[in-house]
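Chemist: structure14.txt is the file, holding compact mmCIF, C-alpha atoms:
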# COMPACT_ATOMS: atom_id res chain seq x y z
CA MET A 67 51.50 63.28 103.35
CA SER A 68 51.67 66.46 101.24
CA TYR A 69 53.67 69.47 102.34
CA THR A 70 53.50 73.17 101.49
CA ILE A 71 56.50 75.44 100.96
CA ALA A 72 56.35 79.13 101.87
CA VAL A 73 58.85 81.76 100.77
CA ASP A 74 59.29 85.27 102.17
CA VAL A 75 61.35 87.51 99.89
CA GLY A 76 62.84 90.65 101.41
CA GLY A 77 65.24 93.25 100.17
CA THR A 78 68.09 91.83 102.27
CA GLN A 79 67.03 88.28 103.09
CA ILE A 80 65.00 85.42 101.63
CA ARG A 81 63.50 82.74 103.86
CA ALA A 82 61.88 79.47 102.88
CA ALA A 83 60.06 76.95 105.08
CA CYS A 84 58.39 73.58 104.64
CA TYR A 85 55.10 73.00 106.46
CA PRO A 86 53.23 69.76 107.12
CA PRO A 87 49.45 69.63 106.59
CA GLU A 88 47.29 71.61 109.02
CA SER A 89 50.24 73.23 110.79
CA ILE A 90 51.99 76.59 110.94
CA ILE A 91 55.06 75.05 112.58
CA PRO A 92 57.66 74.38 109.89
CA VAL A 93 59.57 71.12 109.77
CA LYS A 94 62.45 72.97 108.14
CA ILE A 95 63.34 76.61 107.62
CA GLU A 96 66.32 78.14 105.85
CA ARG A 97 67.45 81.64 104.91
CA SER A 98 69.99 83.31 102.66
CA PRO A 99 70.96 86.83 101.58
CA THR A 100 68.82 88.16 98.75
CA ARG A 101 71.95 89.27 96.94
CA CYS A 102 74.05 86.11 96.73
CA PRO A 103 77.66 86.80 95.69
CA ASP A 104 77.72 84.36 92.78
CA LYS A 105 74.16 84.14 91.39
CA PRO A 106 71.07 86.29 90.73
CA PRO A 107 68.37 86.62 93.43
CA LEU A 108 65.95 84.34 91.57
CA GLU A 109 68.44 81.46 91.61
CA CYS A 110 69.12 82.16 95.29
CA MET A 111 65.40 81.73 95.92
CA PHE A 112 65.26 78.51 93.91
CA ASP A 113 68.24 77.09 95.82
CA LEU A 114 66.53 77.95 99.09
CA ILE A 115 63.33 76.19 98.02
CA ARG A 116 65.36 73.10 97.14
CA SER A 117 67.04 73.19 100.56
CA VAL A 118 63.69 72.83 102.38
CA TRP A 119 62.08 70.41 99.91
CA PRO A 120 60.97 67.30 101.82
CA GLU A 121 62.64 64.03 100.89
CA ASP A 122 60.34 61.33 99.50
CA GLN A 123 57.25 63.49 100.12
CA ASP A 124 54.88 65.41 97.89
CA VAL A 125 54.67 69.20 97.80
CA GLU A 126 51.15 70.45 97.04
CA ALA A 127 51.95 74.11 96.44
CA ILE A 128 54.43 76.94 96.91
CA GLY A 129 53.40 80.35 98.25
CA VAL A 130 55.64 83.40 97.83
CA ALA A 131 55.38 86.70 99.69
CA ALA A 132 57.23 89.36 97.69
CA PRO A 133 57.73 93.12 98.01
CA GLY A 134 56.68 95.85 95.67
CA PRO A 135 53.80 96.28 93.26
CA LEU A 136 52.84 92.91 91.80
CA ASN A 137 49.89 91.24 90.16
CA PRO A 138 48.77 88.23 92.22
CA TYR A 139 46.51 87.02 89.39
CA THR A 140 49.38 86.67 86.92
CA GLY A 141 52.22 86.28 89.42
CA VAL A 142 54.21 89.06 87.71
CA ILE A 143 56.26 91.43 89.87
CA ALA A 144 56.15 94.94 88.41
CA GLU A 145 59.16 96.16 90.37
CA ALA A 146 60.62 94.88 93.63
CA PRO A 147 62.49 97.56 95.60
CA ASN A 148 66.11 96.68 96.38
CA ILE A 149 66.13 93.48 94.26
CA PRO A 150 68.16 93.95 91.07
CA GLY A 151 66.50 92.74 87.89
CA TRP A 152 63.07 92.10 89.39
CA ILE A 153 61.18 94.31 86.96
CA ASN A 154 58.20 92.80 85.12
CA LEU A 155 59.38 89.44 86.43
CA PRO A 156 56.99 86.51 85.82
CA LEU A 157 57.89 84.94 89.16
CA ARG A 158 55.01 82.48 89.30
CA GLN A 159 55.67 81.16 85.79
CA TYR A 160 59.41 80.70 86.38
CA THR A 161 58.86 78.99 89.75
CA GLN A 162 56.18 76.65 88.40
CA GLU A 163 58.39 75.70 85.47
CA ARG A 164 61.26 74.92 87.82
CA PHE A 165 59.36 72.91 90.47
CA LYS A 166 56.31 71.56 88.59
CA VAL A 167 53.81 72.39 91.37
CA PRO A 168 51.17 75.16 91.70
CA VAL A 169 52.68 78.49 92.78
CA ALA A 170 50.90 81.54 94.24
CA VAL A 171 52.53 84.97 94.58
CA GLY A 172 51.26 87.83 96.75
CA ASN A 173 52.30 91.22 98.08
CA ASP A 174 54.04 90.83 101.43
CA ALA A 175 51.92 93.38 103.31
CA ASN A 176 48.69 91.93 101.93
CA LEU A 177 49.81 88.46 102.98
CA ALA A 178 50.69 89.70 106.47
CA ALA A 179 47.05 90.79 106.76
CA LEU A 180 45.94 87.37 105.53
CA ALA A 181 48.20 85.65 108.07
CA GLU A 182 46.97 87.67 111.04
CA TRP A 183 43.35 87.11 109.95
CA LYS A 184 43.70 83.36 109.49
CA TYR A 185 46.22 82.43 112.19
CA GLY A 186 46.84 85.48 114.39
CA VAL A 187 44.91 88.11 116.32
CA GLY A 188 42.33 88.47 113.52
CA ARG A 189 40.87 84.98 113.91
CA GLY A 190 37.08 85.12 114.13
CA HIS A 191 36.84 88.54 112.46
CA HIS A 192 35.26 88.97 109.03
CA HIS A 193 36.46 92.54 108.40
CA LEU A 194 40.07 93.46 109.19
CA VAL A 195 42.49 96.29 108.45
CA TYR A 196 46.20 95.56 108.88
CA LEU A 197 49.02 98.11 108.90
CA THR A 198 52.71 97.31 109.15
CA VAL A 199 54.56 100.35 110.48
CA SER A 200 58.26 99.84 109.87
CA THR A 201 60.86 101.47 107.60
CA GLY A 202 57.84 102.16 105.39
CA ILE A 203 54.13 101.51 105.86
CA GLY A 204 52.23 98.75 104.10
CA GLY A 205 48.83 97.25 104.62
CA GLY A 206 46.16 94.78 103.78
CA VAL A 207 42.38 94.55 104.13
CA ILE A 208 40.04 91.62 104.67
CA ILE A 209 36.42 92.22 103.63
CA ASP A 210 33.77 89.51 104.12
CA ASP A 211 36.52 86.93 104.79
CA LYS A 212 38.32 87.77 101.53
CA LEU A 213 41.58 89.58 100.91
CA LEU A 214 40.93 92.86 99.08
CA LEU A 215 43.07 92.86 95.93
CA GLY A 216 41.53 95.17 93.33
CA THR A 217 41.46 94.76 89.57
CA GLN A 218 45.24 94.32 89.18
CA GLY A 219 46.03 93.23 92.72
CA LEU A 220 47.22 96.74 93.62
CA ALA A 221 44.61 97.56 96.29
CA ALA A 222 45.30 98.40 99.95
CA GLU A 223 48.46 100.50 99.56
CA LEU A 224 47.48 101.98 102.89
CA GLY A 225 50.80 103.70 103.52
CA HIS A 226 50.40 105.84 100.42
CA ILE A 227 47.29 107.72 101.46
CA THR A 228 47.85 111.48 101.22
CA VAL A 229 47.44 112.76 104.77
CA LEU A 230 49.20 116.13 104.59
CA PRO A 231 49.09 117.79 101.14
CA GLY A 232 52.44 119.43 100.48
CA GLY A 233 53.94 117.53 103.41
CA PRO A 234 57.28 115.74 103.58
CA MET A 235 58.36 113.70 100.59
CA CYS A 236 57.60 110.00 100.71
CA GLY A 237 60.11 107.44 99.51
CA CYS A 238 57.80 106.80 96.54
CA GLY A 239 58.36 110.36 95.32
CA HIS A 240 55.04 111.91 96.36
CA PRO A 241 54.53 114.39 99.20
CA GLY A 242 52.46 114.00 102.33
CA HIS A 243 51.81 110.27 102.38
CA LEU A 244 51.19 108.47 105.67
CA GLU A 245 54.50 106.63 105.19
CA ALA A 246 56.38 109.95 105.13
CA LEU A 247 54.77 110.99 108.41
CA SER A 248 54.38 107.91 110.60
CA SER A 249 56.91 105.30 109.47
CA GLY A 250 60.23 104.77 111.17
CA THR A 251 61.85 106.68 108.33
CA GLY A 252 59.35 109.51 108.69
CA ILE A 253 59.96 109.77 112.44
CA VAL A 254 63.74 109.85 111.98
CA ASN A 255 63.57 112.45 109.19
CA TRP A 256 61.39 114.77 111.27
CA VAL A 257 63.70 114.54 114.30
CA LYS A 258 66.72 115.27 112.10
CA GLU A 259 65.01 118.37 110.71
CA GLU A 260 64.19 119.59 114.21
CA ILE A 261 67.79 119.04 115.36
CA GLU A 262 69.08 120.95 112.33
CA GLY A 263 66.69 123.73 113.35
CA GLY A 264 68.40 124.01 116.73
CA ILE A 265 66.07 122.00 119.00
CA VAL A 266 67.87 120.82 122.12
CA THR A 267 67.71 117.05 122.56
CA SER A 268 69.66 114.12 123.94
CA LEU A 269 69.57 112.66 120.43
CA VAL A 270 71.91 115.22 118.93
CA HIS A 271 74.93 112.90 119.05
CA GLU A 272 73.14 109.69 117.99
CA HIS A 273 74.61 108.37 114.75
CA PRO A 274 72.99 106.61 113.07
CA LEU A 275 69.69 107.90 114.37
CA THR A 276 66.92 105.27 114.41
CA ALA A 277 63.28 105.09 115.45
CA ALA A 278 64.25 102.65 118.21
CA LYS A 279 66.75 105.16 119.66
CA ILE A 280 64.12 107.90 119.48
CA ALA A 281 61.66 105.65 121.33
CA ALA A 282 64.24 104.98 124.04
CA ALA A 283 64.87 108.72 124.40
CA ALA A 284 61.12 109.36 124.61
CA ARG A 285 60.83 106.84 127.47
CA ASN A 286 63.61 108.76 129.23
CA GLY A 287 61.64 111.99 128.94
CA ASP A 288 63.30 113.63 125.93
CA GLU A 289 60.76 116.20 124.77
CA LEU A 290 61.65 116.13 121.08
CA ALA A 291 61.49 112.34 121.03
CA MET A 292 58.09 112.33 122.75
CA ASN A 293 56.81 114.94 120.30
CA ALA A 294 58.04 112.82 117.38
CA PHE A 295 55.90 109.87 118.44
CA THR A 296 52.93 112.08 119.29
CA ARG A 297 53.13 113.54 115.79
CA ALA A 298 53.52 110.18 114.08
CA GLY A 299 50.79 108.54 116.16
CA SER A 300 48.38 111.40 115.54
CA TYR A 301 48.73 111.19 111.77
CA LEU A 302 48.38 107.43 112.00
CA GLY A 303 45.17 107.76 114.03
CA LEU A 304 43.73 110.33 111.64
CA THR A 305 44.36 107.96 108.74
CA ILE A 306 42.91 104.96 110.56
CA ALA A 307 39.72 106.99 111.12
CA ASN A 308 39.50 107.30 107.33
CA PHE A 309 39.95 103.53 107.02
CA LEU A 310 37.12 103.00 109.51
CA HIS A 311 34.86 105.13 107.33
CA ILE A 312 35.83 103.24 104.17
CA PHE A 313 36.04 99.64 105.38
CA ASN A 314 34.10 99.55 108.69
CA PRO A 315 36.25 96.75 110.17
CA THR A 316 35.85 95.05 113.54
CA ILE A 317 39.62 94.92 114.10
CA VAL A 318 42.62 97.06 113.21
CA VAL A 319 45.98 95.30 113.58
CA ILE A 320 49.23 97.25 113.84
CA GLY A 321 52.44 95.36 113.04
CA GLY A 322 56.00 96.22 112.13
CA GLY A 323 59.00 97.30 114.14
CA VAL A 324 57.72 100.79 115.05
CA SER A 325 54.67 99.23 116.72
CA GLN A 326 57.08 97.89 119.34
CA SER A 327 57.29 101.43 120.70
CA GLY A 328 53.94 100.60 122.30
CA ASN A 329 51.89 103.38 123.81
CA LEU A 330 54.34 106.05 122.67
CA LEU A 331 52.75 105.55 119.26
CA LEU A 332 49.44 103.91 120.13
CA ASP A 333 48.12 106.43 122.69
CA PRO A 334 48.23 109.46 120.34
CA MET A 335 46.99 107.18 117.55
CA ARG A 336 43.89 106.19 119.53
CA SER A 337 43.21 109.77 120.61
CA ALA A 338 43.42 111.17 117.08
CA MET A 339 41.34 108.31 115.70
CA GLN A 340 38.54 108.91 118.17
CA VAL A 341 38.46 112.65 117.48
CA ALA A 342 38.44 112.16 113.69
CA THR A 343 35.90 109.33 113.50
CA LEU A 344 32.57 110.38 112.05
CA SER A 345 30.32 108.51 114.47
CA PRO A 346 30.75 106.48 117.68
CA GLN A 347 29.14 103.60 115.82
CA TYR A 348 32.42 103.01 113.96
CA LEU A 349 34.12 102.39 117.31
CA GLU A 350 31.52 100.00 118.70
CA ASN A 351 33.00 96.53 119.17
CA LEU A 352 36.16 97.69 117.42
CA THR A 353 39.43 96.05 118.47
CA ILE A 354 42.70 97.94 118.06
CA THR A 355 45.66 95.67 118.71
CA THR A 356 49.23 94.89 117.78
CA ALA A 357 50.14 91.94 115.57
CA ALA A 358 50.81 88.50 117.04
CA LEU A 359 52.88 86.62 114.46
CA GLY A 360 56.07 88.67 114.62
CA ASP A 361 58.87 87.93 112.16
CA GLU A 362 57.08 84.80 110.93
CA VAL A 363 54.16 86.77 109.47
CA GLY A 364 55.56 86.79 105.92
CA LEU A 365 56.11 83.05 105.81
CA ILE A 366 52.75 82.32 107.41
CA GLY A 367 51.04 84.68 104.96
CA ALA A 368 52.68 82.86 102.05
CA LEU A 369 51.53 79.58 103.59
CA ALA A 370 47.96 80.86 103.90
CA LEU A 371 48.05 82.02 100.28
CA ALA A 372 49.30 78.64 99.08
CA HIS A 373 46.53 76.89 101.03
CA SER A 374 43.85 79.10 99.50
CA PHE A 375 45.41 78.71 96.05
CA LYS A 376 45.28 74.93 96.15
CA GLY A 377 41.71 75.10 97.42
Now that the file is in, can you turn its structure into structure tokens?
Modeler:
Amino acid sequence: MSYTIAVDVGGTQIRAACYPPESIIPVKIERSPTRCPDKPPLECMFDLIRSVWPEDQDVEAIGVAAPGPLNPYTGVIAEAPNIPGWINLPLRQYTQERFKVPVAVGNDANLAALAEWKYGVGRGHHHLVYLTVSTGIGGGVIIDDKLLLGTQGLAAELGHITVLPGGPMCGCGHPGHLEALSSGTGIVNWVKEEIEGGIVTSLVHEHPLTAAKIAAAARNGDELAMNAFTRAGSYLGLTIANFLHIFNPTIVVIGGGVSQSGNLLLDPMRSAMQVATLSPQYLENLTITTAALGDEVGLIGALALAHSFKG
């Protein structure tokens, strides 16, 4: 029996899991801080892989979901946010040299799209758009049953579409991106600006202020909090209308922590999307839904990548 190992690398935590054939239920899963106190992050990852390696069994492949711009064809990470030293890092080469098995590396948001398409709510669809709305906004696109990568693997940076020229500054350093308007960070920043401008709200004494606290206030009728989600959802819906025009999917999947705010975000999103869509034909047989795989989506995406990599 041959197993597959999946690794999900985050800015604060790395997880590794060992999967038997034809299953998305791991036989073993372990995690560790990305910044280990006594060794670099790469060695932390290698130790974690060793900890889930099956005894007396073969491993067919390793799949790694990693943050930041990276080239999935070469397995080189251009720069991973919040991971010291991961600049122009040949992650696939180093991992293959260490473990002597095929290794595939992919962008975490792209692999979340792959996971939802293969194992989650996207099963049966041939054209899918996935957005993770969290601290930032990432995405992935499936076209004709294939993950859209682009010439250097840099395609589908869906959170960095310019939605409001001259708008608030995105974490990437450019103004008006979707991420600056509709992410958890964008929601919090807008509420803080409104409070500084003198808007009366129950949130004035919340420290630290988070998107989850704003959602709770909105459910309790706080006007500023409700307006924050209406604003964020409207920009999200406007942008999704653009994605419908470009990709013409049959399903749009919304994941990430901010999606747990439910209809606070999704109702204004749907309304803005319908108004901005060019033709009703784009909405025919279109499914808009939240993601199904939860916190496991990164590992399952890495597993799906490893399966496709080994053929």
Chemist: Counting all atoms listed in the file, find the residues whose atoms lie at most 10 Å from (53.0, 74.0, 108.2) (file coordinates) and write them out as a ChimeraX atom specification.
Modeler: /A:69-72,83-94,365-366,369-370
Chemist: So which residues touch region 102-116 of chain A within 10 Å, counting all atoms listed in the file, skipping near sequence neighbours fewer than 2 positions away, as a VMD selection string?
Modeler: chain A and resid 71 to 75 77 to 84 95 to 100 118 to 120 128 149 to 152 155 157 160 to 161 164 to 165
Chemist: As a PyMOL selection string, please: the residues near Arg285 (chain A) (cut-off 12 Å, all atoms listed in the file, same-chain neighbours under 2 positions excluded).
Modeler: chain A and resi 268+278-283+287-293+295+327-331
Chemist: To one decimal in Å, tell me the separation between CA of Asp124 (chain A) and CA of Gly367 (chain A).
Modeler: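 These atoms are spaced 20.9 Å apart.
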Chemist: Would you pick out the contacts of region 224-240 of chain A at 6 Å or less, using only C-alpha atoms, so that residues sharing its chain but fewer than 3 positions from it are not included, and give the list as a PDB file with C-alpha atoms, in the frame of the given file?
Modeler:
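The result, written out as out-v5.pdb:
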ATOM      1  CA  ILE A 203      54.130 101.510 105.860  1.00  0.00           C
ATOM      2  CA  GLY A 204      52.230  98.750 104.100  1.00  0.00           C
ATOM      3  CA  GLY A 205      48.830  97.250 104.620  1.00  0.00           C
ATOM      4  CA  HIS A 243      51.810 110.270 102.380  1.00  0.00           C
ATOM      5  CA  LEU A 244      51.190 108.470 105.670  1.00  0.00           C
ATOM      6  CA  GLU A 245      54.500 106.630 105.190  1.00  0.00           C
ATOM      7  CA  ALA A 246      56.380 109.950 105.130  1.00  0.00           C
TER       8      ALA A 246
END
Chemist: Around region 118-126 of chain A, fit a box with edges along x, y and z, padding it by 3 Å on each side, then list its centre and edge lengths in Å to one decimal as AutoDock Vina command-line options.
Modeler:
--center_x 57.4 --center_y 67.1 --center_z 99.7 --size_x 18.5 --size_y 17.5 --size_z 11.3
Chemist: May I ask for the distance between CA of Glu272 (chain A) and CA of Gly252 (chain A), given in Å to one decimal place?
Modeler: 16.6 Å
Chemist: Enter the distance from CA of Leu177 (chain A) to CA of Pro241 (chain A), in Å, rounded to one decimal.
Modeler: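 Separating CA of Leu177 (chain A) from CA of Pro241 (chain A) is a distance of 26.6 Å.
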Chemist: Let me make sure I understand: among A:Val199, A:Val187, A:Ile261, A:Val125, which one has the smallest atom-to-atom distance to Gly323 (chain A) if we use all atoms listed in the file?
Modeler: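 Looking at the shortest contact to Gly323 (chain A), the residue is A:Val199.
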Chemist: When you count only C-alpha atoms, which of these residues is closest to Thr353 (chain A): A:Thr276, A:Glu259, A:Lys166, A:Gly190?
Modeler: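 Ranked by minimum distance to Thr353 (chain A), first place goes to A:Gly190.
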Chemist: So which one's closest to Ile143 (chain A), A:Gln159, A:Gln326, A:Asn176, A:Thr251? Using only C-alpha atoms, please.
Modeler: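 Nearest candidate to Ile143 (chain A) out of A:Gln159, A:Gln326, A:Asn176, A:Thr251: A:Gln159.
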Chemist: Contacts of Ala144 (chain A) at 7 Å or less, counting all atoms listed in the file, minus same-chain residues fewer than 2 places along, as a short mmCIF file (atom, residue, chain, number, x, y, z; two decimals) with C-alpha atoms, keeping the file's coordinate frame?
Modeler:
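Result file part-v8.cif:
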data_model
loop_
_atom_site.label_atom_id
_atom_site.label_comp_id
_atom_site.auth_asym_id
_atom_site.auth_seq_id
_atom_site.Cartn_x
_atom_site.Cartn_y
_atom_site.Cartn_z
CA PRO A 135 53.80 96.28 93.26
CA LEU A 136 52.84 92.91 91.80
CA VAL A 142 54.21 89.06 87.71
CA ALA A 146 60.62 94.88 93.63
CA ILE A 153 61.18 94.31 86.96
CA ASN A 154 58.20 92.80 85.12
CA LEU A 155 59.38 89.44 86.43
#
Chemist: Give the answer as one residue: which of A:Gly202, A:Pro315, A:Gly360, A:Gly216 has the shortest atom-to-atom distance to Pro138 (chain A), using all atoms listed in the file?
Modeler: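 For Pro138 (chain A), the nearest of the given residues is A:Gly216.
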Chemist: For Ser248 (chain A), please output as a ChimeraX atom specification all residues within 7 Å (counting all atoms listed in the file; exclusion window: fewer than 5 positions along the same chain).
Modeler: /A:253,298-299,301-302
Chemist: When you count all atoms listed in the file, which of these residues is closest to Thr296 (chain A): A:Leu332, A:Val266, A:Leu310, A:Val207?
Modeler: A:Leu332
Chemist: List every protein, DNA or RNA residue with an atom no more than 9 Å from (53.8, 87.3, 114.5) in the file's coordinates, counting all atoms listed in the file, and format the result as a PyMOL selection string.
Modeler: chain A and resi 178+181-182+186+321+357-364+366
Chemist: Closest to Ser200 (chain A) among A:Ala277, A:Leu215, A:Ala132, A:Ala222, using only C-alpha atoms?
Modeler: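 Checking each candidate against Ser200 (chain A), we get A:Ala277 as the closest.
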